[in-house]
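Enquirer: Sharing protein_10.txt, compact mmCIF, C-alpha atoms:
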# COMPACT_ATOMS: atom_id res chain seq x y z
CA MET A 1 -137.26 0.94 -70.33
CA THR A 2 -134.90 1.86 -67.61
CA SER A 3 -136.21 4.32 -65.08
CA LEU A 4 -134.11 6.37 -62.76
CA LEU A 5 -135.47 6.52 -59.26
CA ILE A 6 -134.51 9.57 -57.19
CA PRO A 7 -134.63 8.95 -53.48
CA ALA A 8 -137.36 10.81 -51.67
CA SER A 9 -134.85 12.59 -49.44
CA ARG A 10 -132.99 14.08 -52.45
CA ARG A 11 -136.25 15.15 -54.09
CA SER A 12 -137.18 17.03 -50.89
CA VAL A 13 -133.86 18.89 -50.81
CA SER A 14 -134.17 19.91 -54.45
CA PHE A 15 -137.72 21.11 -53.96
CA PHE A 16 -136.69 23.15 -50.93
CA ARG A 17 -133.88 24.85 -52.86
CA GLU A 18 -136.23 25.78 -55.69
CA LEU A 19 -138.72 27.18 -53.19
CA VAL A 20 -136.08 29.37 -51.49
CA LEU A 21 -134.80 30.66 -54.84
CA ALA A 22 -138.31 31.55 -55.97
CA THR A 23 -138.99 33.38 -52.71
CA MET A 24 -135.78 35.41 -53.06
CA LEU A 25 -136.70 36.40 -56.60
CA VAL A 26 -140.06 37.69 -55.38
CA VAL A 27 -138.85 39.46 -52.22
CA ALA A 28 -135.85 41.20 -53.82
CA PRO A 29 -137.94 43.31 -56.24
CA LEU A 30 -140.33 44.17 -53.42
CA ALA A 31 -137.48 45.37 -51.17
CA SER A 32 -135.92 47.32 -54.02
CA SER A 33 -139.27 48.85 -54.84
CA SER A 34 -139.82 49.83 -51.19
CA ALA A 35 -136.37 51.49 -50.93
CA SER A 36 -136.94 53.33 -54.19
CA ALA A 37 -140.30 54.55 -52.93
CA GLU A 38 -138.73 55.90 -49.75
CA GLU A 39 -136.00 57.69 -51.69
CA ALA A 40 -138.57 59.11 -54.09
CA HIS A 41 -140.66 60.32 -51.13
CA ALA A 42 -137.61 62.02 -49.59
CA VAL A 43 -136.79 63.72 -52.87
CA GLN A 44 -140.38 64.70 -53.43
CA THR A 45 -140.99 66.21 -49.98
CA GLY A 46 -137.60 67.92 -49.50
CA ASN A 47 -136.81 70.14 -46.55
CA ILE A 48 -135.79 73.66 -45.62
CA THR A 49 -133.27 74.61 -42.92
CA MET A 50 -133.11 78.04 -41.35
CA GLN A 51 -131.18 79.75 -38.56
CA GLY A 52 -132.74 82.26 -36.19
CA ARG A 53 -131.46 84.66 -33.56
CA GLY A 54 -133.26 86.29 -30.66
CA SER A 55 -131.88 89.07 -28.45
CA VAL A 56 -133.10 90.79 -25.32
CA ALA A 57 -131.61 93.99 -23.91
CA VAL A 58 -131.48 93.94 -20.14
CA ALA A 59 -130.29 96.46 -17.59
CA PRO A 60 -128.01 95.11 -14.83
CA ASP A 61 -129.85 94.94 -11.53
CA MET A 62 -126.91 94.46 -9.15
CA ALA A 63 -123.34 95.63 -8.70
CA VAL A 64 -120.28 94.09 -7.10
CA ILE A 65 -117.74 96.47 -5.59
CA THR A 66 -114.29 95.63 -4.24
CA ALA A 67 -112.92 98.05 -1.67
CA ASN A 68 -109.57 97.74 0.12
CA VAL A 69 -107.89 99.05 3.22
CA VAL A 70 -104.13 99.46 2.89
CA THR A 71 -102.12 100.25 6.03
CA THR A 72 -98.39 100.60 6.73
CA ALA A 73 -96.38 100.50 9.97
CA LYS A 74 -92.88 99.72 11.18
CA THR A 75 -93.95 96.35 12.52
CA ALA A 76 -96.30 93.76 11.08
CA GLU A 77 -98.20 93.67 14.37
CA ASP A 78 -98.93 97.40 14.32
CA ALA A 79 -99.92 97.33 10.64
CA LEU A 80 -102.24 94.38 11.25
CA ALA A 81 -103.92 96.00 14.24
CA GLU A 82 -104.53 99.22 12.32
CA ASN A 83 -105.79 97.37 9.25
CA SER A 84 -108.13 95.09 11.21
CA SER A 85 -109.69 98.09 12.97
CA ALA A 86 -110.19 99.93 9.68
CA ILE A 87 -111.68 97.00 7.73
CA SER A 88 -114.05 96.24 10.62
CA LYS A 89 -115.26 99.84 10.52
CA VAL A 90 -115.84 99.57 6.76
CA ILE A 91 -117.82 96.32 7.13
CA ASP A 92 -119.96 97.78 9.93
CA ALA A 93 -120.78 100.80 7.76
CA ILE A 94 -121.79 98.51 4.89
CA LYS A 95 -124.08 96.43 7.13
CA ASN A 96 -125.68 99.60 8.49
CA GLN A 97 -126.81 100.35 4.91
CA GLY A 98 -128.97 97.22 4.94
CA ILE A 99 -126.52 94.96 3.08
CA GLU A 100 -126.95 91.36 4.27
CA ALA A 101 -124.01 89.39 5.64
CA LYS A 102 -124.27 86.85 2.78
CA ASP A 103 -123.45 89.67 0.33
CA ILE A 104 -120.25 90.71 2.14
CA GLN A 105 -117.01 88.76 1.73
CA THR A 106 -113.47 89.66 2.75
CA ARG A 107 -110.80 88.90 0.18
CA GLY A 108 -107.26 89.72 -0.94
CA PHE A 109 -105.58 89.72 2.49
CA GLY A 110 -101.79 90.06 2.29
CA ILE A 111 -98.74 91.16 4.30
CA TYR A 112 -95.88 92.74 2.34
CA PRO A 113 -92.50 93.89 3.67
CA ARG A 114 -91.32 97.38 2.70
CA TYR A 115 -87.66 97.78 1.89
CA GLU A 116 -85.35 100.77 2.15
CA GLN A 117 -84.45 102.51 -1.06
CA SER A 118 -80.78 102.12 -1.83
CA ASN A 119 -78.64 103.34 -4.69
CA SER A 120 -75.81 101.03 -3.72
CA SER A 121 -74.56 98.62 -6.34
CA SER A 122 -72.97 96.32 -3.78
CA GLY A 123 -75.73 93.77 -4.16
CA ARG A 124 -76.52 93.91 -0.46
CA GLN A 125 -80.04 92.89 0.50
CA PRO A 126 -81.93 96.08 1.45
CA ASN A 127 -83.21 96.33 4.98
CA ILE A 128 -86.90 95.99 5.84
CA ILE A 129 -88.16 99.33 7.11
CA GLY A 130 -91.79 98.44 7.64
CA TYR A 131 -94.78 96.40 6.53
CA GLU A 132 -97.81 96.96 4.37
CA ILE A 133 -101.05 95.09 4.93
CA ARG A 134 -103.83 94.97 2.38
CA ASN A 135 -107.28 93.59 3.11
CA GLY A 136 -110.35 93.89 0.91
CA VAL A 137 -114.08 93.43 1.06
CA GLU A 138 -116.33 92.45 -1.85
CA VAL A 139 -119.93 93.59 -1.63
CA ASN A 140 -122.94 92.55 -3.69
CA VAL A 141 -125.20 95.58 -3.99
CA ARG A 142 -128.67 94.41 -5.02
CA ASP A 143 -130.26 97.85 -4.82
CA LEU A 144 -128.45 100.03 -7.34
CA ALA A 145 -130.01 103.14 -5.82
CA LYS A 146 -127.69 102.61 -2.85
CA LEU A 147 -124.53 102.17 -4.89
CA GLY A 148 -123.31 105.76 -5.19
CA GLY A 149 -123.84 106.51 -1.50
CA LEU A 150 -122.25 103.20 -0.50
CA LEU A 151 -119.10 103.92 -2.48
CA THR A 152 -118.69 107.24 -0.71
CA LEU A 153 -119.45 105.65 2.65
CA VAL A 154 -116.75 102.96 2.43
CA VAL A 155 -114.15 105.62 1.56
CA GLU A 156 -115.21 107.84 4.44
CA ASN A 157 -114.90 104.89 6.83
CA GLY A 158 -111.39 103.85 5.93
CA ALA A 159 -111.29 102.19 2.49
CA ASN A 160 -108.47 103.95 0.63
CA SER A 161 -108.80 101.97 -2.62
CA VAL A 162 -111.89 100.95 -4.56
CA ASP A 163 -110.51 98.62 -7.19
CA SER A 164 -113.55 98.03 -9.38
CA ILE A 165 -117.29 98.12 -9.84
CA ARG A 166 -118.84 95.21 -11.73
CA PHE A 167 -122.44 95.35 -12.95
CA GLU A 168 -124.29 92.06 -13.32
CA VAL A 169 -127.72 90.57 -14.00
CA SER A 170 -128.71 88.58 -10.93
CA ASP A 171 -131.01 86.08 -12.69
CA PRO A 172 -130.56 86.04 -16.48
CA ASN A 173 -132.34 82.71 -17.13
CA GLU A 174 -135.80 84.24 -17.58
CA LYS A 175 -134.45 86.70 -20.16
CA LEU A 176 -132.55 83.90 -21.90
CA ASP A 177 -135.80 81.95 -22.35
CA GLU A 178 -137.36 85.05 -23.89
CA ALA A 179 -134.43 85.30 -26.31
CA ARG A 180 -134.87 81.61 -27.23
CA LYS A 181 -138.54 82.17 -28.12
CA LYS A 182 -137.57 85.12 -30.30
CA ALA A 183 -134.92 82.99 -32.03
CA VAL A 184 -137.50 80.34 -32.96
CA GLU A 185 -139.91 83.02 -34.20
CA ASN A 186 -137.13 84.56 -36.28
CA ALA A 187 -136.20 81.24 -37.88
CA ARG A 188 -139.84 80.43 -38.70
CA HIS A 189 -140.44 83.89 -40.15
CA LYS A 190 -137.52 83.55 -42.55
CA ALA A 191 -138.48 79.97 -43.48
CA GLU A 192 -142.05 81.04 -44.27
CA ILE A 193 -140.77 83.80 -46.59
CA PHE A 194 -138.57 81.37 -48.53
CA ALA A 195 -141.30 78.72 -48.67
CA ALA A 196 -143.90 81.21 -49.93
CA ALA A 197 -141.52 82.47 -52.58
CA ALA A 198 -140.97 78.89 -53.74
CA GLY A 199 -144.70 78.17 -53.81
CA VAL A 200 -144.64 75.59 -51.01
CA GLY A 201 -145.51 75.46 -47.33
CA LEU A 202 -143.83 74.35 -44.14
CA GLY A 203 -144.52 70.84 -42.88
CA ASN A 204 -143.45 69.10 -39.69
CA ILE A 205 -140.28 70.11 -37.87
CA LEU A 206 -137.58 67.49 -38.43
CA PHE A 207 -135.19 68.87 -35.82
CA ILE A 208 -134.48 71.98 -33.80
CA THR A 209 -131.09 72.74 -32.24
CA GLU A 210 -129.82 75.54 -30.06
CA THR A 211 -126.46 76.42 -31.57
CA SER A 212 -125.26 79.11 -29.15
CA THR A 213 -126.22 81.49 -26.37
CA GLN A 214 -124.72 84.75 -25.19
CA MET A 215 -125.08 85.62 -21.55
CA PRO A 216 -124.45 89.12 -20.17
CA GLN A 217 -120.82 89.90 -19.45
CA PRO A 218 -119.94 91.90 -16.33
CA LEU A 219 -119.47 95.60 -17.08
CA MET A 220 -116.35 96.87 -15.38
CA MET A 221 -115.40 100.37 -14.34
CA ARG A 222 -112.52 101.67 -12.29
CA ALA A 223 -113.09 103.80 -9.22
CA GLU A 224 -109.81 104.31 -7.38
CA SER A 225 -109.06 106.72 -4.54
CA MET A 226 -112.49 108.33 -4.43
CA MET A 227 -112.56 110.87 -1.61
CA ALA A 228 -115.77 112.64 -2.61
CA SER A 229 -118.09 114.06 0.02
CA ALA A 230 -121.18 113.51 -2.14
CA ALA A 231 -122.63 110.33 -3.59
CA VAL A 232 -120.72 109.08 -6.61
CA PRO A 233 -122.85 109.21 -9.82
CA ILE A 234 -123.20 105.73 -11.35
CA GLU A 235 -124.79 104.60 -14.63
CA ALA A 236 -125.24 100.84 -15.13
CA GLY A 237 -126.19 100.94 -18.84
CA GLU A 238 -127.53 97.85 -20.62
CA THR A 239 -126.25 94.47 -21.72
CA THR A 240 -127.58 91.86 -24.16
CA ILE A 241 -128.70 88.25 -23.84
CA SER A 242 -129.10 86.30 -27.07
CA ALA A 243 -129.75 82.78 -28.40
CA ASP A 244 -129.26 81.12 -31.81
CA VAL A 245 -131.22 78.14 -33.14
CA THR A 246 -131.24 76.00 -36.27
CA ILE A 247 -134.56 74.44 -37.39
CA ARG A 248 -135.32 72.09 -40.27
CA TRP A 249 -138.84 71.66 -41.68
CA GLU A 250 -140.33 69.28 -44.20
CA ILE A 251 -141.59 71.03 -47.32
CA ASP A 252 -145.35 70.70 -47.79
CA THR A 253 -145.93 70.90 -51.53
CA GLU A 254 -149.72 70.71 -51.20
CA ALA A 255 -149.86 73.79 -48.94
CA GLY A 256 -148.39 75.94 -51.66
CA ASN A 257 -151.05 74.99 -54.25
Output the file's structure in the form of structure tokens.
Expert:
Amino acid sequence: MTSLLIPASRRSVSFFRELVLATMLVVAPLASSSASAEEAHAVQTGNITMQGRGSVAVAPDMAVITANVVTTAKTAEDALAENSSAISKVIDAIKNQGIEAKDIQTRGFGIYPRYEQSNSSSGRQPNIIGYEIRNGVEVNVRDLAKLGGLLTLVVENGANSVDSIRFEVSDPNEKLDEARKKAVENARHKAEIFAAAAGVGLGNILFITETSTQMPQPLMMRAESMMASAAVPIEAGETTISADVTIRWEIDTEAGN
């Protein structure tokens, strides 16, 4: 009888291949089974996503006024001297009302030539007949009780134009955090209603995201050429700070049983 002898080295390679193949056949079903179990768990637990909004009404606690001194003269030097004297008087009056120097800022300085009025169609450049100088001061008023009297005071001391009054909230961050808490409470409240109606409960939070915030916008009002002898009546009103969140929860099916 003829026998075929397979070298030991080839037998080892063949055995190794069979071993690897057998291992793959065992591991593949296990991996597939594990993935299927995870997918089944995800389907079984499910989730619920809800948006919430929180708002806080807040009254402005400070105002920013912009007052100007406008002077005219035949020469720029004379107009500048008159304007500088007037704006200094306005600033001194503001400081005497207890307004700190850090809350006072000059702005809008400009020198503008004034031209003669001419009906001529010759195209000739009109002559300069004088100069106008404009200089302004912006004031942060942190005590709104002083605002009306301060407006009258700056006019009485030389400001011949009050361009605007802007109401602001000096530190809105604390109110924004309050709005954020209300937004989370609002989202949870709605999610609990839906979950209860579906006969389930809320599980762990999967994610929470702040989608938007709304900070208070300055409230503007015009107040030009006020020559009143009494304090100007001012009402600051209210503004709103809000926050929006999106939260996703796992659904707890056992809690609803």
Enquirer: Mind checking which residues fall within 10 Å of Ser212 of chain A, counting all atoms listed in the file, ignoring those fewer than 4 positions away in the same chain, and posting them as a PyMOL selection string?
Expert: chain A and resi 53+242-246
Enquirer: Quick one: distance from atom CA of Gly98 of chain A to atom CA of Ala59 of chain A in Å, one decimal?
Expert: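 It comes out at 22.6 Å.
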Enquirer: Tell me which of A:Ala183, A:Ile241, A:Val70, A:Met215 sits closest to Gly158 of chain A, counting all atoms listed in the file.
Expert: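 Of the candidates, the smallest distance to Gly158 of chain A is held by A:Val70.
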Enquirer: Fewer than 4 positions away in the same chain doesn't count, so skip those; otherwise give me all residues within 10 Å of Gln51 of chain A, counting all atoms listed in the file, as a list in words.
Expert: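 Once the nearby chain positions are removed, what remains is Ala183, Val184, Asn186, Ala187, Arg188, Lys190, Ala191, Ile208, Thr209, Glu210, Thr211, Asp244, Val245, Thr246, Ile247 and Arg248 of chain A.
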Enquirer: Just give me the gap between atom CA of Ile165 of chain A and atom CA of Gly54 of chain A in Å, one decimal is fine.
Expert: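 Spanning atom CA of Ile165 of chain A to atom CA of Gly54 of chain A is a straight-line distance of 28.8 Å.
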Enquirer: Which residue, A:Asp171, A:Asp61, A:Asp92, A:Asp163, has the smallest gap to Glu138 of chain A when you use all atoms listed in the file?
Expert: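 Of the candidates, the smallest distance to Glu138 of chain A is held by A:Asp163.
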Enquirer: What lies within 9 Å of segment 87-91 of chain A using only C-alpha atoms, ignoring chain neighbours under 5 positions off, as a PyMOL selection string?
Expert: chain A and resi 68-69+82+96+104+135-137+153-159
Enquirer: Please list, as a ChimeraX atom specification, the residues that have an atom at most 12 Å away from (-124.0, 94.3, 3.4) in the coordinates of this file, counting all atoms listed in the file.
Expert: /A:64-65,90-106,137-143,146-147,150,154
Enquirer: Identify, on the basis of only C-alpha atoms, every residue whose closest approach to Asn204 of chain A does not exceed 9 Å; exclude the query and any residue fewer than 4 positions from it along the same chain; express the result as a list of chain:residue names.
Expert: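 That gives A:Arg248, A:Trp249, A:Glu250, A:Ile251, A:Asp252.
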Enquirer: Have a look at atom CA of Ile48 of chain A and atom CA of Ala198 of chain A and let me know their distance in Å, one decimal.
Expert: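 Computing the Euclidean distance for atom CA of Ile48 of chain A and atom CA of Ala198 of chain A yields 11.0 Å.
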Enquirer: Could you check which of A:Thr49, A:Ser84, A:Ser118, A:Gln125 is closest to Phe207 of chain A, using all atoms listed in the file?
Expert: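 Residue with the minimum atom-to-atom distance to Phe207 of chain A: A:Thr49.
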Enquirer: Taking every listed atom of segment 94-100 of chain A and adding 8 Å to each side, what centre and edge lengths in Å (one decimal) does the axis-aligned box have, as lines of an AutoDock Vina configuration file?
Expert:
center_x = -125.4
center_y = 95.9
center_z = 5.8
size_x = 23.2
size_y = 25.0
size_z = 21.4
Enquirer: Counting all atoms listed in the file, figure out which residue out of A:Pro60, A:Gly108, A:Pro172, A:Gly52 gets nearest to Arg134 of chain A.
Expert: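 Using all atoms listed in the file, the shortest distance to Arg134 of chain A belongs to A:Gly108.
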Enquirer: Kindly indicate which residue among A:Thr213, A:Asn127, A:Asn173, A:Ala255 lies nearest to Ala196 of chain A, using only C-alpha atoms for the distances.
Expert: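 Of all the options, A:Ala255 lies closest to Ala196 of chain A.
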Enquirer: Let me make sure I understand: among A:Ala73, A:Ile129, A:Val56, A:Met50, which one has the smallest atom-to-atom distance to Glu192 of chain A if we use all atoms listed in the file?
Expert: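 Once distances to Glu192 of chain A are computed over all atoms listed in the file, the minimum belongs to A:Met50.
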